[in-house]
file input-v5.cif (mmCIF, C-alpha atoms)
data_data
loop_
_atom_site.group_PDB
_atom_site.id
_atom_site.type_symbol
_atom_site.label_atom_id
_atom_site.label_comp_id
_atom_site.auth_asym_id
_atom_site.auth_seq_id
_atom_site.Cartn_x
_atom_site.Cartn_y
_atom_site.Cartn_z
ATOM 1 C CA MET B 17 161.821 57.888 63.308
ATOM 2 C CA PHE B 18 159.259 58.117 66.066
ATOM 3 C CA PRO B 19 160.206 59.527 69.445
ATOM 4 C CA ARG B 20 161.328 58.164 72.753
ATOM 5 C CA ARG B 21 159.365 59.099 75.818
ATOM 6 C CA CYS B 22 160.251 62.303 77.638
ATOM 7 C CA PHE B 23 163.058 61.722 80.118
ATOM 8 C CA SER B 24 165.125 64.460 81.718
ATOM 9 C CA VAL B 25 167.948 63.092 83.839
ATOM 10 C CA GLY B 26 169.292 65.098 86.722
ATOM 11 C CA ARG B 27 166.067 67.044 87.331
ATOM 12 C CA ASN B 28 164.486 66.738 90.754
ATOM 13 C CA ILE B 29 160.866 66.051 89.868
ATOM 14 C CA TYR B 30 159.569 66.660 93.372
ATOM 15 C CA SER B 31 161.097 70.108 93.810
ATOM 16 C CA SER B 32 160.228 71.130 90.260
ATOM 17 C CA HIS B 33 156.562 70.384 90.924
ATOM 18 C CA SER B 34 155.812 73.470 93.002
ATOM 19 C CA GLY B 35 152.084 72.725 93.019
ATOM 20 C CA LEU B 36 152.505 69.655 95.226
ATOM 21 C CA ARG B 37 151.240 70.867 98.569
ATOM 22 C CA THR B 38 151.302 68.015 101.070
ATOM 23 C CA MET B 39 152.126 64.352 101.482
ATOM 24 C CA MET B 40 150.380 62.340 104.158
ATOM 25 C CA ARG B 41 150.515 58.698 105.149
ATOM 26 C CA ILE B 42 147.224 56.849 105.550
ATOM 27 C CA ASN B 43 147.368 53.114 106.157
ATOM 28 C CA PHE B 44 149.118 51.371 103.239
ATOM 29 C CA LYS B 45 148.963 54.133 100.673
ATOM 30 C CA THR B 46 150.274 57.628 100.240
ATOM 31 C CA TYR B 47 147.761 60.184 99.095
ATOM 32 C CA TYR B 48 148.599 63.538 97.617
ATOM 33 C CA THR B 49 146.496 66.655 97.838
ATOM 34 C CA GLU B 50 146.778 69.619 95.540
ATOM 35 C CA GLU B 51 144.513 72.451 94.578
ATOM 36 C CA ASN B 52 142.744 71.727 91.292
ATOM 37 C CA ILE B 53 144.097 68.182 91.126
ATOM 38 C CA HIS B 54 142.004 66.071 93.484
ATOM 39 C CA VAL B 55 138.847 66.069 91.325
ATOM 40 C CA LYS B 56 136.553 63.176 90.496
ATOM 41 C CA GLU B 57 134.112 63.015 87.623
ATOM 42 C CA LYS B 58 131.626 60.250 86.946
ATOM 43 C CA THR B 59 130.081 59.813 83.534
ATOM 44 C CA THR B 60 126.302 59.897 83.255
ATOM 45 C CA SER B 61 126.457 59.358 79.500
ATOM 46 C CA PRO B 62 124.715 56.309 77.979
ATOM 47 C CA ARG B 63 128.198 55.355 76.754
ATOM 48 C CA SER B 64 130.394 53.855 79.413
ATOM 49 C CA ASP B 65 133.653 55.094 77.920
ATOM 50 C CA ILE B 66 135.612 58.248 78.671
ATOM 51 C CA TYR B 67 138.158 59.820 76.375
ATOM 52 C CA PHE B 68 140.531 62.515 77.536
ATOM 53 C CA SER B 69 140.653 65.861 75.809
ATOM 54 C CA ARG B 70 140.884 68.675 78.308
ATOM 55 C CA THR B 71 139.742 66.653 81.272
ATOM 56 C CA PRO B 72 139.778 67.185 85.022
ATOM 57 C CA LYS B 73 143.030 66.193 86.670
ATOM 58 C CA SER B 74 141.481 62.901 87.707
ATOM 59 C CA CYS B 75 138.624 60.810 86.392
ATOM 60 C CA LEU B 76 136.682 57.881 87.870
ATOM 61 C CA VAL B 77 134.463 55.422 85.972
ATOM 62 C CA SER B 78 132.784 52.508 87.757
ATOM 63 C CA SER B 79 130.561 49.580 86.837
ATOM 64 C CA PRO B 80 129.819 46.373 88.782
ATOM 65 C CA ALA B 81 132.845 44.370 87.589
ATOM 66 C CA THR B 82 135.061 46.916 85.831
ATOM 67 C CA HIS B 83 136.494 50.139 87.232
ATOM 68 C CA ALA B 84 138.845 52.770 85.879
ATOM 69 C CA TYR B 85 140.700 55.674 87.416
ATOM 70 C CA ALA B 86 142.966 58.104 85.602
ATOM 71 C CA ILE B 87 145.169 60.927 86.827
ATOM 72 C CA ALA B 88 146.855 63.403 84.509
ATOM 73 C CA ASN B 89 150.485 64.361 84.903
ATOM 74 C CA PRO B 90 150.146 67.421 87.167
ATOM 75 C CA GLU B 91 152.649 69.314 85.023
ATOM 76 C CA LYS B 92 150.359 69.041 81.975
ATOM 77 C CA GLU B 93 147.042 70.628 81.148
ATOM 78 C CA CYS B 94 145.456 67.331 80.122
ATOM 79 C CA SER B 95 146.210 63.632 79.984
ATOM 80 C CA GLU B 96 147.596 61.967 76.881
ATOM 81 C CA ASP B 97 146.152 58.641 78.072
ATOM 82 C CA ALA B 98 142.799 57.352 76.888
ATOM 83 C CA PHE B 99 140.637 54.377 77.861
ATOM 84 C CA PHE B 100 137.284 52.764 77.194
ATOM 85 C CA ILE B 101 135.050 50.219 78.912
ATOM 86 C CA LEU B 102 132.511 48.464 76.706
ATOM 87 C CA ASP B 103 129.876 46.125 78.126
ATOM 88 C CA GLU B 104 132.062 45.378 81.171
ATOM 89 C CA ASN B 105 133.969 42.570 79.421
ATOM 90 C CA THR B 106 135.823 44.602 76.790
ATOM 91 C CA PHE B 107 138.173 47.426 77.664
ATOM 92 C CA GLY B 108 141.366 49.080 76.564
ATOM 93 C CA ILE B 109 143.894 51.818 77.189
ATOM 94 C CA ALA B 110 146.204 53.882 75.007
ATOM 95 C CA ASP B 111 149.101 56.091 76.056
ATOM 96 C CA GLY B 112 149.972 58.943 73.706
ATOM 97 C CA VAL B 113 153.725 59.555 73.534
ATOM 98 C CA GLY B 114 154.111 62.987 75.104
ATOM 99 C CA VAL B 115 157.392 64.038 73.525
ATOM 100 C CA TRP B 116 155.451 64.917 70.358
ATOM 101 C CA SER B 117 154.418 68.093 72.191
ATOM 102 C CA GLU B 118 157.950 69.384 71.625
ATOM 103 C CA MET B 119 157.079 69.387 67.904
ATOM 104 C CA GLY B 120 153.732 71.086 68.462
ATOM 105 C CA ILE B 121 151.720 67.857 68.175
ATOM 106 C CA ASN B 122 149.102 66.886 70.768
ATOM 107 C CA SER B 123 149.525 63.116 71.083
ATOM 108 C CA SER B 124 146.324 62.771 73.120
ATOM 109 C CA ILE B 125 144.421 63.271 69.858
ATOM 110 C CA TYR B 126 146.076 60.154 68.451
ATOM 111 C CA SER B 127 145.382 57.945 71.493
ATOM 112 C CA GLN B 128 141.777 59.181 71.808
ATOM 113 C CA SER B 129 141.015 58.691 68.148
ATOM 114 C CA LEU B 130 142.650 55.246 68.039
ATOM 115 C CA LEU B 131 140.525 53.905 70.897
ATOM 116 C CA ASN B 132 137.406 55.602 69.608
ATOM 117 C CA HIS B 133 137.722 53.792 66.268
ATOM 118 C CA ILE B 134 138.599 50.499 67.967
ATOM 119 C CA GLU B 135 135.544 50.661 70.201
ATOM 120 C CA ASP B 136 133.253 51.579 67.298
ATOM 121 C CA TYR B 137 134.543 48.576 65.346
ATOM 122 C CA ILE B 138 133.983 46.188 68.263
ATOM 123 C CA ARG B 139 130.453 47.553 68.766
ATOM 124 C CA GLU B 140 129.690 46.925 65.097
ATOM 125 C CA LYS B 141 131.381 43.534 64.781
ATOM 126 C CA GLU B 142 130.934 41.696 68.068
ATOM 127 C CA ASP B 143 132.754 38.591 66.846
ATOM 128 C CA CYS B 144 135.833 40.434 65.630
ATOM 129 C CA THR B 145 139.289 39.792 67.027
ATOM 130 C CA LEU B 146 141.144 42.497 68.925
ATOM 131 C CA TYR B 147 143.795 42.488 66.215
ATOM 132 C CA GLU B 148 141.166 43.221 63.552
ATOM 133 C CA ALA B 149 139.884 46.087 65.689
ATOM 134 C CA LEU B 150 143.431 47.413 66.139
ATOM 135 C CA VAL B 151 144.117 47.337 62.404
ATOM 136 C CA TYR B 152 140.855 49.179 61.773
ATOM 137 C CA GLY B 153 141.609 51.881 64.354
ATOM 138 C CA TYR B 154 145.149 52.300 63.059
ATOM 139 C CA SER B 155 143.979 52.510 59.424
ATOM 140 C CA LYS B 156 141.379 55.164 60.293
ATOM 141 C CA ASN B 157 144.053 57.302 61.945
ATOM 142 C CA VAL B 158 146.317 56.877 58.907
ATOM 143 C CA LYS B 159 143.518 57.937 56.550
ATOM 144 C CA ALA B 160 142.728 60.947 58.750
ATOM 145 C CA LYS B 161 146.461 61.856 58.751
ATOM 146 C CA ILE B 162 146.488 62.202 62.518
ATOM 147 C CA LYS B 163 150.007 62.892 63.747
ATOM 148 C CA GLY B 164 151.489 61.490 66.929
ATOM 149 C CA SER B 165 151.849 57.977 68.304
ATOM 150 C CA SER B 166 150.552 55.793 71.102
ATOM 151 C CA THR B 167 150.970 52.482 72.866
ATOM 152 C CA VAL B 168 147.839 50.363 73.217
ATOM 153 C CA CYS B 169 146.533 47.480 75.337
ATOM 154 C CA LEU B 170 143.172 45.753 74.779
ATOM 155 C CA ALA B 171 141.240 42.970 76.505
ATOM 156 C CA LYS B 172 138.068 41.012 75.784
ATOM 157 C CA ILE B 173 136.668 38.368 78.120
ATOM 158 C CA ILE B 174 134.497 35.618 76.639
ATOM 159 C CA GLY B 175 133.235 33.267 79.330
ATOM 160 C CA ARG B 176 136.393 32.474 81.305
ATOM 161 C CA ASP B 177 138.752 33.068 78.376
ATOM 162 C CA LEU B 178 140.779 36.256 78.252
ATOM 163 C CA HIS B 179 141.754 37.535 74.816
ATOM 164 C CA ALA B 180 144.288 40.355 75.071
ATOM 165 C CA LEU B 181 146.538 42.404 72.838
ATOM 166 C CA ASN B 182 149.451 44.625 73.775
ATOM 167 C CA LEU B 183 151.769 46.888 71.824
ATOM 168 C CA GLY B 184 154.321 48.986 73.705
ATOM 169 C CA ASP B 185 154.922 49.571 77.390
ATOM 170 C CA SER B 186 151.363 49.699 78.648
ATOM 171 C CA SER B 187 150.586 46.334 80.207
ATOM 172 C CA PHE B 188 148.078 44.099 81.940
ATOM 173 C CA ALA B 189 148.554 41.733 84.853
ATOM 174 C CA ILE B 190 146.487 38.936 86.370
ATOM 175 C CA PHE B 191 146.235 38.504 90.136
ATOM 176 C CA ARG B 192 144.861 35.408 91.855
ATOM 177 C CA ASP B 193 144.266 35.489 95.609
ATOM 178 C CA ASN B 194 145.988 38.891 95.655
ATOM 179 C CA ARG B 195 149.161 37.495 94.095
ATOM 180 C CA LEU B 196 150.571 38.294 90.661
ATOM 181 C CA ILE B 197 150.478 35.213 88.424
ATOM 182 C CA TYR B 198 151.025 36.787 84.992
ATOM 183 C CA GLN B 199 152.070 40.096 83.432
ATOM 184 C CA SER B 200 152.190 40.853 79.738
ATOM 185 C CA GLU B 201 155.583 41.524 78.223
ATOM 186 C CA VAL B 202 156.613 45.136 77.648
ATOM 187 C CA GLN B 203 157.758 45.856 74.079
ATOM 188 C CA SER B 204 160.606 48.366 73.810
ATOM 189 C CA HIS B 205 163.217 49.086 71.162
ATOM 190 C CA SER B 206 165.523 50.373 73.912
ATOM 191 C CA PHE B 207 165.316 52.192 77.238
ATOM 192 C CA ASN B 208 162.305 54.548 77.368
ATOM 193 C CA TYR B 209 161.659 53.843 73.676
ATOM 194 C CA PRO B 210 158.496 51.705 73.476
ATOM 195 C CA TYR B 211 156.836 50.163 70.478
ATOM 196 C CA GLN B 212 154.100 52.538 69.341
ATOM 197 C CA LEU B 213 151.529 52.969 66.609
ATOM 198 C CA GLY B 214 151.487 56.216 64.681
ATOM 199 C CA THR B 215 153.679 58.599 62.736
ATOM 200 C CA GLY B 216 156.783 56.683 61.649
ATOM 201 C CA GLY B 217 155.884 53.996 64.166
ATOM 202 C CA ASP B 218 155.488 50.245 64.386
ATOM 203 C CA SER B 219 153.017 48.090 62.495
ATOM 204 C CA PRO B 220 149.917 46.634 64.205
ATOM 205 C CA ALA B 221 151.460 43.261 63.293
ATOM 206 C CA SER B 222 154.063 43.899 66.035
ATOM 207 C CA ALA B 223 151.396 43.548 68.736
ATOM 208 C CA HIS B 224 151.465 40.578 71.092
ATOM 209 C CA CYS B 225 148.196 38.645 71.102
ATOM 210 C CA ILE B 226 147.568 36.625 74.267
ATOM 211 C CA GLN B 227 144.870 34.129 75.238
ATOM 212 C CA CYS B 228 144.498 32.420 78.600
ATOM 213 C CA THR B 229 141.848 30.842 80.835
ATOM 214 C CA LEU B 230 140.817 32.672 83.974
ATOM 215 C CA GLN B 231 139.287 31.528 87.242
ATOM 216 C CA GLN B 232 136.448 33.080 89.175
ATOM 217 C CA ASP B 233 137.569 36.114 91.205
ATOM 218 C CA ASP B 234 140.781 36.566 89.218
ATOM 219 C CA LEU B 235 141.665 40.247 89.005
ATOM 220 C CA ILE B 236 142.890 41.876 85.805
ATOM 221 C CA VAL B 237 144.830 45.119 86.221
ATOM 222 C CA MET B 238 145.482 46.965 82.969
ATOM 223 C CA ALA B 239 147.499 50.171 83.144
ATOM 224 C CA THR B 240 149.698 52.604 81.308
ATOM 225 C CA ASP B 241 153.380 52.627 82.219
ATOM 226 C CA GLY B 242 152.738 55.311 84.830
ATOM 227 C CA LEU B 243 151.601 52.545 87.195
ATOM 228 C CA PHE B 244 154.287 49.940 86.565
ATOM 229 C CA ASP B 245 157.124 52.516 86.458
ATOM 230 C CA ASN B 246 156.226 53.807 89.913
ATOM 231 C CA LEU B 247 155.043 50.802 91.950
ATOM 232 C CA PHE B 248 156.811 47.469 92.416
ATOM 233 C CA ASN B 249 154.716 44.311 92.040
ATOM 234 C CA ASP B 250 154.712 43.652 95.793
ATOM 235 C CA GLU B 251 153.456 47.199 96.392
ATOM 236 C CA ILE B 252 150.663 46.626 93.886
ATOM 237 C CA GLU B 253 149.771 43.414 95.710
ATOM 238 C CA ASP B 254 149.679 45.302 99.037
ATOM 239 C CA VAL B 255 147.293 47.898 97.598
ATOM 240 C CA ILE B 256 145.029 45.167 96.212
ATOM 241 C CA LYS B 257 144.937 43.336 99.567
ATOM 242 C CA ALA B 258 143.983 46.504 101.425
ATOM 243 C CA SER B 259 141.301 47.651 98.963
ATOM 244 C CA SER B 260 137.709 46.729 98.306
ATOM 245 C CA SER B 261 137.074 45.625 94.717
ATOM 246 C CA ASP B 262 135.581 48.952 93.655
ATOM 247 C CA GLU B 263 138.520 50.921 95.100
ATOM 248 C CA ILE B 264 141.454 49.010 93.608
ATOM 249 C CA ALA B 265 141.794 51.105 90.437
ATOM 250 C CA THR B 266 141.573 54.362 92.388
ATOM 251 C CA ASN B 267 144.007 53.301 95.107
ATOM 252 C CA LEU B 268 146.533 51.980 92.610
ATOM 253 C CA ALA B 269 146.462 55.157 90.507
ATOM 254 C CA VAL B 270 146.690 57.482 93.507
ATOM 255 C CA SER B 271 149.473 55.448 95.126
ATOM 256 C CA ALA B 272 151.403 55.413 91.855
ATOM 257 C CA MET B 273 151.062 59.183 91.502
ATOM 258 C CA ALA B 274 152.342 59.688 95.050
ATOM 259 C CA SER B 275 155.348 57.536 94.168
ATOM 260 C CA ALA B 276 155.826 59.436 90.902
ATOM 261 C CA CYS B 277 156.001 62.715 92.825
ATOM 262 C CA SER B 278 158.597 61.427 95.281
ATOM 263 C CA ALA B 279 162.227 62.410 94.843
ATOM 264 C CA GLN B 280 163.548 59.764 97.257
ATOM 265 C CA LYS B 281 161.555 56.547 96.930
ATOM 266 C CA ASP B 282 163.021 53.554 95.132
ATOM 267 C CA THR B 283 160.876 52.770 92.103
ATOM 268 C CA PRO B 284 160.971 50.384 89.138
ATOM 269 C CA PHE B 285 161.824 53.373 86.967
ATOM 270 C CA SER B 286 164.808 54.425 89.098
ATOM 271 C CA GLU B 287 166.077 50.836 88.911
ATOM 272 C CA LYS B 288 165.720 50.823 85.100
ATOM 273 C CA VAL B 289 167.682 54.056 84.839
ATOM 274 C CA ALA B 290 170.502 52.563 86.940
ATOM 275 C CA GLU B 291 170.525 49.324 84.939
ATOM 276 C CA GLU B 292 170.275 50.736 81.436
ATOM 277 C CA THR B 293 172.013 54.124 81.570
ATOM 278 C CA ASP B 294 175.009 55.725 83.279
ATOM 279 C CA GLN B 295 172.741 58.181 85.099
ATOM 280 C CA ILE B 296 171.668 58.310 88.740
ATOM 281 C CA TRP B 297 167.944 58.737 89.389
ATOM 282 C CA ARG B 298 166.060 58.853 92.654
ATOM 283 C CA GLY B 299 162.308 58.752 93.009
ATOM 284 C CA GLY B 300 159.530 58.120 90.558
ATOM 285 C CA LYS B 301 158.662 59.137 87.022
ATOM 286 C CA LEU B 302 156.020 61.838 86.723
ATOM 287 C CA ASP B 303 153.513 60.695 84.124
ATOM 288 C CA ASP B 304 149.845 60.286 83.264
ATOM 289 C CA ILE B 305 148.481 57.238 85.103
ATOM 290 C CA THR B 306 145.473 55.221 83.962
ATOM 291 C CA VAL B 307 144.326 52.001 85.639
ATOM 292 C CA VAL B 308 141.457 49.699 84.605
ATOM 293 C CA THR B 309 140.512 46.738 86.801
ATOM 294 C CA HIS B 310 138.156 43.821 86.145
ATOM 295 C CA ILE B 311 137.134 41.006 88.485
ATOM 296 C CA VAL B 312 136.119 37.777 86.765
ATOM 297 C CA SER B 313 132.627 36.608 87.696
#

call {"tool": "encode", "arguments": {"input": "input-v5.cif", "output": "structure tokens"}}
result
Amino acid sequence: MFPRRCFSVGRNIYSSHSGLRTMMRINFKTYYTEENIHVKEKTTSPRSDIYFSRTPKSCLVSSPATHAYAIANPEKECSEDAFFILDENTFGIADGVGVWSEMGINSSIYSQSLLNHIEDYIREKEDCTLYEALVYGYSKNVKAKIKGSSTVCLAKIIGRDLHALNLGDSSFAIFRDNRLIYQSEVQSHSFNYPYQLGTGGDSPASAHCIQCTLQQDDLIVMATDGLFDNLFNDEIEDVIKASSSDEIATNLAVSAMASACSAQKDTPFSEKVAEETDQIWRGGKLDDITVVTHIVS
């Protein structure tokens, strides 16, 4: 049986995170500042993708239409999320299930390797489907006997058609005129127990494959659950309205991390805990947060 996500009820995340130095309000968003956390790194590599191994606490990747920003859980040494951006119109994220660390397994290796193989396959076979790429990446990890598990979300834009695939509780959403018009369905076996590829996990055949037609200037926001667990949809809309196109990914990730570090704020995660368990939870859920945004040309 593969694991549920880490979830410790009754622990005050804010007070346990002694490294959190200050909280300050600036316009619509809350920023956090912490020594050794507020770091940006841009890639100068010919490849446009970034995979996390032992990365800085935050990472920024930008191109004309597609932007990504990732922040590691400040209680961890590195992020278990991974993402890639390929030729602007193809991108994906994977979220390694962190509870494997309790068994001595680094789940970031699984998520990194999965996306690396998926991207290589798409580079080689431009006309392939996302499902074919997912099966290839999954099979390569099986052959390499890589332990761990990960959720995954992929997107490929051909003209105005969006082809997407999602397995687990990472997700993508489409915004038109700053309003949410669609969000992919989260796949969970039960509370905090997402579908996941990997050791003892789900089959690639469990993935949802989605196709829809986009309009010019539609915004796609793809993110790991660290975003959607910590910001409500109307808060995401507010951040989008107040941000320039090249700042949306950054502002969403930073705002979500501020919410994750709060011990008092109402969050989607605190509502889920109240609805699906007999526990009381205040504040956000501390997690890795990765956001990729794309504006349709």

call {"tool": "residues_around", "arguments": {"input": "input-v5.cif", "residues": "Thr167 of chain B", "least_positions_apart": "5", "cutoff": "6 Å", "atoms": "only C-alpha atoms", "output": "short mmCIF file (atom, residue, chain, number, x, y, z; two decimals) with C-alpha atoms, in the frame of the given file"}}
result
data_model
loop_
_atom_site.label_atom_id
_atom_site.label_comp_id
_atom_site.auth_asym_id
_atom_site.auth_seq_id
_atom_site.Cartn_x
_atom_site.Cartn_y
_atom_site.Cartn_z
CA ALA B 110 146.20 53.88 75.01
CA ASP B 111 149.10 56.09 76.06
CA LEU B 183 151.77 46.89 71.82
CA GLY B 184 154.32 48.99 73.70
CA GLN B 212 154.10 52.54 69.34
#

call {"tool": "residues_around", "arguments": {"input": "input-v5.cif", "residues": "segment 173-177 of chain B", "least_positions_apart": "2", "cutoff": "7 Å", "atoms": "all atoms listed in the file", "output": "ChimeraX atom specification"}}
result
/B:105-106,171,179,227-231

call {"tool": "resolve_selection", "arguments": {"input": "input-v5.cif", "expression": "the PyMOL selection byres ((chain B and resi 163) around 10)", "output": "mmCIF file with C-alpha atoms, in the coordinates of the input"}}
result
data_model
loop_
_atom_site.group_PDB
_atom_site.id
_atom_site.type_symbol
_atom_site.label_atom_id
_atom_site.label_comp_id
_atom_site.auth_asym_id
_atom_site.auth_seq_id
_atom_site.Cartn_x
_atom_site.Cartn_y
_atom_site.Cartn_z
ATOM 1 C CA TRP B 116 155.451 64.917 70.358
ATOM 2 C CA ILE B 121 151.720 67.857 68.175
ATOM 3 C CA ASN B 122 149.102 66.886 70.768
ATOM 4 C CA SER B 123 149.525 63.116 71.083
ATOM 5 C CA ILE B 125 144.421 63.271 69.858
ATOM 6 C CA TYR B 126 146.076 60.154 68.451
ATOM 7 C CA ASN B 157 144.053 57.302 61.945
ATOM 8 C CA VAL B 158 146.317 56.877 58.907
ATOM 9 C CA ALA B 160 142.728 60.947 58.750
ATOM 10 C CA LYS B 161 146.461 61.856 58.751
ATOM 11 C CA ILE B 162 146.488 62.202 62.518
ATOM 12 C CA GLY B 164 151.489 61.490 66.929
ATOM 13 C CA SER B 165 151.849 57.977 68.304
ATOM 14 C CA GLY B 214 151.487 56.216 64.681
ATOM 15 C CA THR B 215 153.679 58.599 62.736
ATOM 16 C CA GLY B 216 156.783 56.683 61.649
#

call {"tool": "atom_distance", "arguments": {"input": "input-v5.cif", "atom1": "atom CA of Leu102 of chain B", "atom2": "atom CA of Ser117 of chain B"}}
result
29.8 Å

call {"tool": "residues_near_point", "arguments": {"input": "input-v5.cif", "point": "(146.2, 52.6, 66.1)", "cutoff": "10 Å", "atoms": "all atoms listed in the file", "output": "PyMOL selection string"}}
result
chain B and resi 110+126-134+149-158+165-168+183+212-214+217-220

call {"tool": "residues_around", "arguments": {"input": "input-v5.cif", "residues": "segment 195-205 of chain B", "least_positions_apart": "2", "cutoff": "8 Å", "atoms": "only C-alpha atoms", "output": "list in words"}}
result
Asn182, Leu183, Gly184, Asp185, Ser186, Ser187, Phe188, Ala189, Ile190, Phe191, Arg192, Asp193, Phe207, Asn208, Tyr209, Pro210, Tyr211, Asn249 and Glu253 of chain B

call {"tool": "resolve_selection", "arguments": {"input": "input-v5.cif", "expression": "the PyMOL selection byres ((chain B and resi 85) around 9)", "output": "ChimeraX atom specification"}}
result
/B:74-78,83-84,86-87,265-270,305-309

call {"tool": "residues_around", "arguments": {"input": "input-v5.cif", "residues": "Ala88 of chain B", "least_positions_apart": "3", "cutoff": "8 Å", "atoms": "all atoms listed in the file", "output": "PyMOL selection string"}}
result
chain B and resi 73-74+92-96+303-305

call {"tool": "atom_distance", "arguments": {"input": "input-v5.cif", "atom1": "atom CA of Thr82 of chain B", "atom2": "atom CA of Gly108 of chain B"}}
result
11.4 Å

call {"tool": "atom_distance", "arguments": {"input": "input-v5.cif", "atom1": "atom CA of Ile236 of chain B", "atom2": "atom CA of Tyr147 of chain B"}}
result
19.6 Å

call {"tool": "closest_residue", "arguments": {"input": "input-v5.cif", "among": "B:Met273, B:Ile311, B:Leu181, B:Leu247", "to": "Ser260 of chain B", "atoms": "all atoms listed in the file"}}
result
B:Ile311

call {"tool": "closest_residue", "arguments": {"input": "input-v5.cif", "among": "B:Ala290, B:Ile109, B:Ala272, B:Ala223", "to": "Glu251 of chain B", "atoms": "all atoms listed in the file"}}
result
B:Ala272

call {"tool": "closest_residue", "arguments": {"input": "input-v5.cif", "among": "B:Ala180, B:Ser206, B:Lys301, B:Asp254", "to": "His224 of chain B", "atoms": "all atoms listed in the file"}}
result
B:Ala180
